[in-house]
file query_0.cif (mmCIF, C-alpha atoms)
data_input
#
loop_
_atom_site.label_atom_id
_atom_site.label_comp_id
_atom_site.auth_asym_id
_atom_site.auth_seq_id
_atom_site.Cartn_x
_atom_site.Cartn_y
_atom_site.Cartn_z
CA MET L 1 137.09 -52.16 160.34
CA LYS L 2 140.34 -51.12 162.01
CA ARG L 3 140.73 -54.61 163.55
CA VAL L 4 140.07 -56.28 160.18
CA GLY L 5 142.72 -54.11 158.52
CA THR L 6 145.25 -54.94 161.24
CA PHE L 7 144.47 -58.66 160.88
CA LEU L 8 144.91 -58.54 157.09
CA ALA L 9 148.22 -56.70 157.43
CA ALA L 10 149.52 -59.26 159.89
CA ALA L 11 148.41 -62.11 157.63
CA ALA L 12 150.22 -60.52 154.68
CA LEU L 13 153.43 -60.29 156.71
CA LEU L 14 153.20 -63.96 157.71
CA LEU L 15 152.55 -65.00 154.10
CA ALA L 16 155.55 -63.01 152.87
CA ALA L 17 157.76 -64.54 155.55
CA ALA L 18 156.73 -68.02 154.46
CA PHE L 19 158.15 -67.41 150.95
CA THR L 20 161.30 -65.51 152.01
CA PRO L 21 164.60 -67.54 152.08
CA VAL L 22 165.99 -67.81 155.59
CA ALA L 23 169.72 -67.46 156.22
CA PHE L 24 170.28 -70.12 158.85
CA ALA L 25 172.92 -69.55 161.51
CA GLY L 26 176.27 -70.97 160.37
CA SER L 27 175.66 -70.66 156.62
CA LYS L 28 176.67 -67.95 154.22
CA GLU L 29 176.60 -67.52 150.45
CA ILE L 30 179.20 -65.44 148.64
CA ALA L 31 178.33 -64.15 145.18
CA GLY L 32 179.41 -61.40 142.83
CA ASP L 33 182.68 -59.46 143.26
CA ARG L 34 184.23 -59.38 146.72
CA ASN L 35 187.40 -57.68 147.97
CA TYR L 36 189.24 -58.65 151.16
CA SER L 37 192.30 -57.37 152.99
CA GLY L 38 194.11 -58.76 156.01
CA GLU L 39 193.06 -62.04 157.61
CA THR L 40 189.54 -63.36 157.01
CA VAL L 41 188.29 -66.28 159.14
CA LEU L 42 185.60 -68.84 158.34
CA PRO L 43 184.74 -70.03 161.89
CA ALA L 44 184.38 -73.66 162.95
CA GLY L 45 180.85 -74.92 162.54
CA GLU L 46 180.03 -72.58 159.65
CA THR L 47 179.75 -73.32 155.93
CA TRP L 48 180.47 -70.69 153.30
CA THR L 49 179.33 -71.43 149.76
CA VAL L 50 180.84 -69.48 146.87
CA ALA L 51 178.42 -69.21 143.95
CA PRO L 52 179.28 -69.72 140.25
CA GLY L 53 180.87 -66.68 138.61
CA ALA L 54 181.96 -65.09 141.91
CA THR L 55 185.27 -63.23 142.08
CA LEU L 56 187.24 -63.03 145.34
CA ARG L 57 190.22 -60.68 145.43
CA PHE L 58 192.65 -60.57 148.36
CA ARG L 59 195.17 -57.93 149.30
CA GLY L 60 197.65 -59.48 151.70
CA GLY L 61 196.49 -61.68 154.55
CA ARG L 62 194.80 -65.04 154.06
CA LEU L 63 191.47 -66.82 154.27
CA VAL L 64 191.57 -69.16 157.28
CA VAL L 65 189.04 -71.98 156.94
CA ARG L 66 188.17 -73.64 160.25
CA GLY L 67 184.69 -74.68 159.14
CA LYS L 68 183.69 -75.78 155.64
CA LEU L 69 184.37 -73.92 152.38
CA VAL L 70 182.35 -74.99 149.34
CA VAL L 71 183.35 -73.36 146.06
CA GLU L 72 180.77 -74.30 143.44
CA GLY L 73 181.84 -72.86 140.12
CA SER L 74 180.78 -74.23 136.76
CA ALA L 75 182.61 -74.78 133.48
CA GLU L 76 180.80 -71.78 131.99
CA ARG L 77 181.08 -69.60 135.12
CA PRO L 78 184.18 -70.53 137.13
CA VAL L 79 184.88 -68.94 140.48
CA ARG L 80 188.01 -66.75 140.45
CA ILE L 81 190.15 -66.38 143.57
CA SER L 82 193.21 -64.14 143.26
CA GLY L 83 195.68 -62.38 145.51
CA ASP L 84 198.58 -59.97 145.39
CA ALA L 85 202.22 -60.88 146.12
CA ASP L 86 201.58 -60.78 149.90
CA PHE L 87 198.53 -63.03 149.84
CA GLU L 88 199.13 -66.21 151.91
CA GLY L 89 196.31 -68.10 150.23
CA ILE L 90 193.43 -70.18 151.53
CA ASP L 91 194.50 -71.87 154.77
CA VAL L 92 192.30 -74.92 155.40
CA ARG L 93 192.86 -76.31 158.89
CA GLY L 94 191.04 -78.42 161.43
CA GLY L 95 187.92 -79.32 159.45
CA ASP L 96 186.82 -81.88 156.86
CA GLY L 97 184.50 -81.66 153.90
CA SER L 98 185.68 -78.53 152.11
CA ARG L 99 185.72 -78.72 148.33
CA ILE L 100 186.71 -76.43 145.49
CA ALA L 101 185.32 -77.12 142.03
CA ASN L 102 185.58 -75.31 138.69
CA ALA L 103 187.70 -72.43 139.91
CA VAL L 104 190.85 -70.46 139.08
CA VAL L 105 193.27 -69.79 141.96
CA SER L 106 196.03 -67.34 141.08
CA GLY L 107 198.80 -65.27 142.62
CA GLY L 108 200.08 -65.15 146.17
CA ARG L 109 202.72 -67.14 148.01
CA ARG L 110 200.39 -70.12 148.37
CA GLY L 111 197.18 -70.97 146.57
CA VAL L 112 195.79 -73.37 149.17
CA THR L 113 197.40 -74.82 152.30
CA VAL L 114 195.88 -77.89 154.00
CA THR L 115 196.71 -78.91 157.58
CA SER L 116 194.75 -81.35 159.79
CA ALA L 117 191.88 -81.31 157.31
CA ARG L 118 190.46 -83.10 154.27
CA ILE L 119 189.57 -81.30 151.06
CA SER L 120 188.79 -82.17 147.43
CA PHE L 121 189.57 -80.28 144.23
CA HIS L 122 187.92 -80.80 140.85
CA GLY L 123 188.53 -78.80 137.70
CA VAL L 124 190.69 -76.18 139.44
CA ARG L 125 193.46 -74.24 137.69
CA PHE L 126 196.27 -73.02 139.91
CA GLU L 127 198.36 -70.38 138.19
CA LYS L 128 201.16 -67.86 138.75
CA GLY L 129 201.66 -68.43 142.47
CA THR L 130 204.82 -69.56 144.26
CA ILE L 131 203.27 -72.89 145.38
CA GLY L 132 199.84 -73.89 144.13
CA LEU L 133 198.80 -76.42 146.78
CA GLU L 134 200.69 -77.23 149.97
CA ILE L 135 199.69 -80.23 152.09
CA GLY L 136 201.06 -80.34 155.62
CA GLN L 137 200.77 -82.51 158.71
CA TYR L 138 197.56 -84.58 158.75
CA GLY L 139 196.37 -82.85 155.59
CA ARG L 140 194.56 -84.98 153.00
CA ALA L 141 193.70 -83.86 149.49
CA GLU L 142 191.92 -85.51 146.59
CA VAL L 143 192.66 -83.81 143.27
CA ARG L 144 190.93 -84.53 139.96
CA ASP L 145 191.18 -82.86 136.54
CA CYS L 146 193.23 -79.93 137.81
CA THR L 147 195.99 -77.85 136.20
CA PHE L 148 199.08 -76.43 137.90
CA GLU L 149 200.45 -73.78 135.58
CA SER L 150 203.77 -71.91 135.92
CA PRO L 151 204.26 -71.95 139.71
CA GLY L 152 207.38 -70.14 140.83
CA ARG L 153 208.52 -73.20 142.80
CA ALA L 154 206.07 -76.13 142.95
CA GLY L 155 202.61 -76.97 141.71
CA ILE L 156 202.02 -79.21 144.75
CA LEU L 157 204.22 -79.61 147.82
CA VAL L 158 203.39 -82.52 150.14
CA LYS L 159 205.24 -82.46 153.47
CA ARG L 160 205.72 -85.22 156.03
CA GLY L 161 202.42 -86.38 157.46
CA GLY L 162 200.44 -85.19 154.43
CA ALA L 163 198.71 -87.40 151.85
CA LEU L 164 197.60 -86.89 148.26
CA ASP L 165 195.46 -88.80 145.78
CA ILE L 166 195.71 -87.14 142.37
CA ALA L 167 194.44 -88.21 138.95
CA SER L 168 193.97 -86.80 135.45
CA SER L 169 195.82 -83.58 136.23
CA ARG L 170 198.52 -81.55 134.49
CA PHE L 171 201.70 -79.84 135.70
CA THR L 172 203.49 -77.38 133.45
CA GLY L 173 206.15 -74.70 133.69
CA ALA L 174 207.17 -75.21 137.34
CA GLY L 175 210.31 -73.32 138.32
CA LYS L 176 211.37 -76.12 140.69
CA SER L 177 209.06 -79.17 140.67
CA GLY L 178 205.61 -79.91 139.34
CA LEU L 179 204.91 -82.23 142.28
CA TYR L 180 207.33 -82.27 145.24
CA VAL L 181 206.96 -85.01 147.87
CA TYR L 182 209.07 -84.28 150.94
CA GLY L 183 209.18 -87.29 153.24
CA ALA L 184 205.47 -88.04 152.84
CA GLY L 185 203.97 -91.48 152.26
CA GLY L 186 200.59 -92.45 150.89
CA ILE L 187 200.97 -90.47 147.65
CA ALA L 188 199.09 -91.84 144.62
CA VAL L 189 199.51 -90.31 141.15
CA ARG L 190 197.44 -91.68 138.25
CA GLY L 191 196.96 -90.54 134.69
CA CYS L 192 198.75 -87.21 135.11
CA ARG L 193 200.89 -85.23 132.69
CA PHE L 194 204.11 -83.42 133.59
CA GLU L 195 205.61 -81.21 130.88
CA LYS L 196 208.13 -78.39 130.59
CA ASN L 197 208.94 -78.28 134.31
CA GLU L 198 212.45 -78.01 135.71
CA THR L 199 211.58 -81.31 137.42
CA GLY L 200 208.32 -83.10 136.80
CA LEU L 201 208.04 -85.12 140.00
CA GLN L 202 210.51 -84.97 142.88
CA ALA L 203 210.49 -87.43 145.81
CA SER L 204 212.96 -86.64 148.55
CA MET L 205 213.93 -87.71 152.06
CA TYR L 206 213.38 -90.82 154.15
CA GLY L 207 209.72 -91.84 154.21
CA ALA L 208 208.83 -90.44 150.79
CA ALA L 209 206.70 -93.17 149.16
CA VAL L 210 204.98 -92.37 145.88
CA THR L 211 203.03 -94.63 143.52
CA VAL L 212 202.97 -93.29 139.95
CA THR L 213 200.97 -95.04 137.22
CA ASP L 214 199.81 -94.30 133.66
CA SER L 215 201.41 -90.85 133.59
CA VAL L 216 203.41 -88.90 131.00
CA PHE L 217 206.64 -86.95 131.59
CA ALA L 218 207.57 -84.92 128.51
CA GLY L 219 210.01 -82.09 127.86
CA ASN L 220 211.14 -81.60 131.46
CA GLY L 221 214.66 -80.90 132.65
CA THR L 222 214.34 -84.04 134.79
CA GLY L 223 211.25 -86.17 134.45
CA ILE L 224 211.39 -87.89 137.84
CA LEU L 225 213.98 -87.14 140.53
CA VAL L 226 214.26 -89.60 143.43
CA GLU L 227 216.75 -88.77 146.18
CA LYS L 228 217.81 -89.20 149.80
CA MET L 229 216.18 -92.56 150.67
CA ALA L 230 212.90 -91.97 148.82
CA VAL L 231 211.23 -95.17 147.52
CA PRO L 232 208.75 -94.72 144.63
CA VAL L 233 206.84 -97.33 142.64
CA ILE L 234 206.58 -96.24 138.99
CA SER L 235 204.72 -98.24 136.35
CA ASN L 236 203.12 -97.95 132.92
CA CYS L 237 204.44 -94.43 132.35
CA GLU L 238 205.88 -92.69 129.30
CA LEU L 239 209.03 -90.58 129.69
CA ALA L 240 210.08 -88.80 126.51
CA GLY L 241 211.96 -85.67 125.49
CA ASN L 242 213.42 -84.95 128.94
CA ARG L 243 217.01 -83.94 129.57
CA VAL L 244 217.11 -86.85 132.08
CA ALA L 245 214.07 -89.11 132.28
CA LEU L 246 214.74 -90.76 135.68
CA HIS L 247 217.37 -89.66 138.17
CA PHE L 248 218.05 -91.73 141.32
CA SER L 249 220.52 -90.12 143.72
CA ARG L 250 221.84 -90.37 147.30
CA ARG L 251 220.58 -93.74 148.50
CA ALA L 252 217.34 -93.67 146.58
CA GLU L 253 215.59 -96.95 145.82
CA GLY L 254 212.25 -97.98 144.26
CA THR L 255 210.97 -99.86 141.23
CA VAL L 256 210.29 -98.86 137.62
CA SER L 257 208.30 -101.27 135.46
CA ASN L 258 206.58 -101.43 132.08
CA CYS L 259 207.53 -97.88 131.11
CA LEU L 260 208.53 -96.41 127.75
CA ILE L 261 211.76 -94.42 128.16
CA GLY L 262 212.76 -92.83 124.87
CA ASP L 263 214.13 -89.74 123.11
CA ASN L 264 215.66 -88.33 126.29
CA GLY L 265 219.23 -87.18 126.86
CA ASP L 266 219.85 -89.86 129.51
CA GLY L 267 217.13 -92.41 130.03
CA VAL L 268 218.24 -93.28 133.56
CA LEU L 269 220.95 -91.75 135.75
CA VAL L 270 221.76 -93.63 138.97
CA GLU L 271 224.33 -92.31 141.42
CA TYR L 272 225.68 -92.28 144.98
CA SER L 273 224.62 -95.64 146.41
CA SER L 274 221.16 -95.72 144.87
CA TYR L 275 219.77 -99.15 143.99
CA PRO L 276 216.48 -99.07 142.08
CA VAL L 277 215.01 -102.06 140.23
CA PHE L 278 213.95 -101.85 136.56
CA ARG L 279 211.70 -104.51 135.00
CA GLY L 280 210.02 -104.82 131.61
CA ASN L 281 210.81 -101.28 130.43
CA ARG L 282 211.42 -100.29 126.80
CA PHE L 283 214.41 -98.01 126.11
CA ARG L 284 214.44 -96.31 122.71
CA LYS L 285 216.82 -93.77 121.14
CA ASN L 286 217.99 -91.93 124.22
CA ARG L 287 220.66 -89.57 122.87
CA ASP L 288 223.42 -90.02 125.44
CA PHE L 289 222.78 -93.24 127.32
CA ALA L 290 219.81 -95.43 128.06
CA ALA L 291 221.23 -96.01 131.55
CA ARG L 292 224.25 -94.48 133.25
CA LEU L 293 225.75 -95.15 136.68
CA ASN L 294 227.90 -92.71 138.60
CA HIS L 295 229.77 -93.26 141.90
CA GLN L 296 227.79 -96.35 142.77
CA SER L 297 230.20 -98.69 144.55
CA SER L 298 232.18 -98.07 147.70
CA GLN L 299 235.24 -97.66 145.49
CA TRP L 300 233.69 -94.93 143.37
CA GLU L 301 232.22 -93.19 146.39
CA GLY L 302 235.64 -93.26 147.98
CA GLU L 303 237.04 -91.54 144.90
CA ALA L 304 234.33 -88.87 145.02
CA GLY L 305 234.48 -88.45 148.79
CA GLU L 306 231.87 -87.90 151.51
CA ASP L 307 231.88 -84.14 151.00
CA ASP L 308 230.82 -84.47 147.38
CA ARG L 309 228.08 -86.97 148.18
CA ASP L 310 226.61 -84.94 151.01
CA THR L 311 226.92 -81.44 149.60
CA PRO L 312 224.10 -79.23 151.04
CA GLY L 313 221.59 -78.20 148.44
CA GLY L 314 222.76 -80.93 146.07
CA PRO L 315 220.66 -82.20 143.16
CA GLY L 316 217.08 -81.25 143.80
CA GLY L 317 217.16 -79.47 147.14
CA SER L 318 213.89 -78.49 148.75
CA ALA L 319 210.97 -76.95 146.94
CA ALA L 320 210.25 -75.12 150.14
CA GLY L 321 213.68 -73.50 149.99
CA GLY L 322 215.53 -75.53 152.64
CA GLY L 323 218.96 -77.14 152.45
CA GLY L 324 218.92 -80.71 153.69
CA GLY L 325 222.23 -81.98 152.31
CA ARG L 326 223.48 -83.64 155.53
CA SER L 327 224.52 -87.27 155.54
CA ASP L 328 221.55 -88.45 157.64
CA PHE L 329 219.18 -86.88 155.08
CA ARG L 330 216.84 -85.56 157.77
CA PRO L 331 215.35 -82.05 157.64
CA ARG L 332 216.53 -79.61 160.25
CA GLY L 333 214.77 -79.88 163.61
CA GLU L 334 214.32 -83.64 163.31
CA GLY L 335 216.47 -86.61 164.27
CA SER L 336 217.84 -87.54 167.68
CA ALA L 337 217.87 -83.93 168.90
CA ALA L 338 214.08 -83.88 168.53
CA GLY L 339 213.62 -87.26 170.21
CA ARG L 340 213.39 -89.20 166.95
CA PRO L 341 215.85 -91.83 165.73
CA VAL L 342 218.13 -90.71 162.94
CA ALA L 343 217.92 -92.82 159.79
CA LYS L 344 220.90 -95.11 159.46
CA LYS L 345 223.16 -94.86 156.45
CA GLY L 346 222.70 -97.65 153.97
CA LYS L 347 225.47 -99.86 152.69
CA LEU L 348 227.80 -98.45 150.07
CA ASP L 349 227.47 -101.53 147.88
CA GLY L 350 224.51 -103.12 146.19
CA ILE L 351 223.00 -103.90 142.81
CA VAL L 352 221.17 -101.71 140.32
CA ASP L 353 218.89 -104.31 138.78
CA PHE L 354 218.32 -103.83 135.04
CA ARG L 355 217.35 -107.40 134.23
CA ASN L 356 214.63 -108.17 131.69
CA ASN L 357 214.32 -104.80 129.98
CA ASP L 358 214.09 -104.16 126.23
CA TRP L 359 217.06 -102.15 124.92
CA GLY L 360 216.07 -102.45 121.25
CA GLU L 361 218.17 -103.99 118.52
CA GLY L 362 221.84 -103.28 119.06
CA GLY L 363 221.73 -102.10 122.66
CA VAL L 364 225.29 -102.19 124.04
CA GLU L 365 227.15 -101.66 127.27
CA LYS L 366 230.01 -99.19 127.46
CA GLY L 367 233.04 -99.68 129.65
CA GLY L 368 234.13 -97.07 132.16
CA PRO L 369 236.34 -96.69 135.26
CA GLY L 370 235.81 -99.69 137.51
CA GLY L 371 233.81 -101.68 134.93
CA LYS L 372 230.84 -101.46 132.62
CA ARG L 373 228.59 -98.68 133.89
CA ALA L 374 226.63 -97.36 130.92
CA ILE L 375 224.18 -98.85 128.45
CA ARG L 376 223.21 -97.49 125.06
CA ASP L 377 219.88 -98.39 123.51
CA ALA L 378 218.96 -98.71 119.84
#

call {"tool": "encode", "arguments": {"input": "query_0.cif", "output": "C-alpha cells"}}
result
Amino acid sequence: MKRVGTFLAAAALLLAAAFTPVAFAGSKEIAGDRNYSGETVLPAGETWTVAPGATLRFRGGRLVVRGKLVVEGSAERPVRISGDADFEGIDVRGGDGSRIANAVVSGGRRGVTVTSARISFHGVRFEKGTIGLEIGQYGRAEVRDCTFESPGRAGILVKRGGALDIASSRFTGAGKSGLYVYGAGGIAVRGCRFEKNETGLQASMYGAAVTVTDSVFAGNGTGILVEKMAVPVISNCELAGNRVALHFSRRAEGTVSNCLIGDNGDGVLVEYSSYPVFRGNRFRKNRDFAARLNHQSSQWEGEAGEDDRDTPGGPGGSAAGGGGGRSDFRPRGEGSAAGRPVAKKGKLDGIVDFRNNDWGEGGVEKGGPGGKRAIRDA
C-alpha cells in the first residue's frame, strides 16, 4: 500500500506539472505595478513582454534594452511608463524587433532613445518629457497613430544616421520643434498634424532630407523651418494659421508642390541664399505677404554681411541644445578635423522659383530694395 501511495503521489505531481505554465529561459512577463530605480538592463537574447494595464515607474536611471521589449497595451488598458526628472528613458540599442503599442510614456529627459536598432510604435502617447523619441546612429523607427504632447524641446529628434517612417500622428505644444531632423536622410512623414508648436517641423544641416505629404500645419509659430543646406520635398499639405508657414534660410533648398498656404502671417519667407522651388500651390489671404525674400542675392548678402548670415544659434538652432551657426554648417566634431570633407559653400546667387502657383484674384508683387521681392495674395 505504501508503494501504491508513493506512485499515486508521483503521478499527481507529473500531471500538475503538465498543466503548469513554464517560464522559458530568456522570456519574462511584466504585469501590475512595478517600480524601478537606477539602471535596469534587458539582456541580449531575452524578450520582456509588458502586459496590458501594467504601470512601470522609474526613479532616475534608464531601461537599457539590448534584447527585445514588447509592450502590449490595449485601448482599454494602456501600459503606462513614467519617470521623474532624472529618468533617461528607455534606451533601445543593438537589437531589432522591439515594439511599443497602446502605451503612455511620460516624464524624464527622454521617452525612448533608439541607436543601432529597429523598433515600431503604434498608438503611443508621449507627454511632458524633454524629448519624446530620439533616433540616433543606425536607429530605425516606424511610428503610427502616435501623439507627441507638450515636449519641453522636441517630440521627435532624428540625428544623422537615423531614419524615421511616421504616419497618422500628431505633434502639439512643443517648446522647440514637433519633429526635428538634424542632418538625417530617409525621413518620411505622411498624414500627420502639427499644431501649436513653436516650430512644427524643422529640417537642419547638410544631409537632412525629408519627404512630407498629406500633412497639416496649423497655429504654429513656424509651420516648417528648413535651414543650413537641408533639402525637403513637401507636397499636398495644408499650412494655415501659422505666424510663418514656410521658412527657408541659410542655403536651404527643396520643393513645395500642390499645397494650400493660407491665413498665415507670411506664407513663405526665403532668406540668405536659399533657393527652393514652388509649383502648383494655392496662396490665400496671408496677412503680411504670400511670399517674401530677404537677403537673397550676393548684393543683399553683402549688405547684411557674413557675420549676420552665420550668427551662431540663428533661426532654429538645435533641438538638442547645440549651436551650429558656423559658415560650413557642420555640427561640432565633424568636418575636416574628423577626417570628413567639409561641405562647400553654395553660390550666393540663384533663383527662387515661384512659377505656376495660384495667387488668387488680385495677387500683386511689391517692390523693395534691389527689385521686386515680395508677393501679396488675394

call {"tool": "atom_distance", "arguments": {"input": "query_0.cif", "atom1": "atom CA of L:Gly139", "atom2": "atom CA of L:Ser106"}}
result
21.2 Å

call {"tool": "residues_around", "arguments": {"input": "query_0.cif", "residues": "L:Ser235", "least_positions_apart": "4", "cutoff": "12 Å", "atoms": "only C-alpha atoms", "output": "ChimeraX atom specification"}}
result
/L:188-191,210-216,239,254-261,277-282

call {"tool": "resolve_selection", "arguments": {"input": "query_0.cif", "expression": "the PyMOL selection byres ((chain L and resi 285) around 7)", "output": "PyMOL selection string"}}
result
chain L and resi 262-263+283-284+286-287+377-378

call {"tool": "closest_residue", "arguments": {"input": "query_0.cif", "among": "L:Ala245, L:Gln202, L:Ala218, L:Thr113", "to": "L:Pro232", "atoms": "only C-alpha atoms"}}
result
L:Gln202

call {"tool": "resolve_selection", "arguments": {"input": "query_0.cif", "expression": "the PyMOL selection byres ((chain L and resi 376) around 6)", "output": "list in words"}}
result
Phe289, Ala290, Gly363, Val364, Ile375 and Asp377 of chain L

call {"tool": "resolve_selection", "arguments": {"input": "query_0.cif", "expression": "the PyMOL selection byres ((chain L and resi 253) around 7)", "output": "mmCIF file with C-alpha atoms, keeping the file's coordinate frame"}}
result
data_model
loop_
_atom_site.group_PDB
_atom_site.id
_atom_site.type_symbol
_atom_site.label_atom_id
_atom_site.label_comp_id
_atom_site.auth_asym_id
_atom_site.auth_seq_id
_atom_site.Cartn_x
_atom_site.Cartn_y
_atom_site.Cartn_z
ATOM 1 C CA MET L 229 216.180 -92.560 150.670
ATOM 2 C CA ALA L 230 212.900 -91.970 148.820
ATOM 3 C CA VAL L 231 211.230 -95.170 147.520
ATOM 4 C CA ARG L 251 220.580 -93.740 148.500
ATOM 5 C CA ALA L 252 217.340 -93.670 146.580
ATOM 6 C CA GLY L 254 212.250 -97.980 144.260
ATOM 7 C CA SER L 274 221.160 -95.720 144.870
ATOM 8 C CA TYR L 275 219.770 -99.150 143.990
ATOM 9 C CA PRO L 276 216.480 -99.070 142.080
#
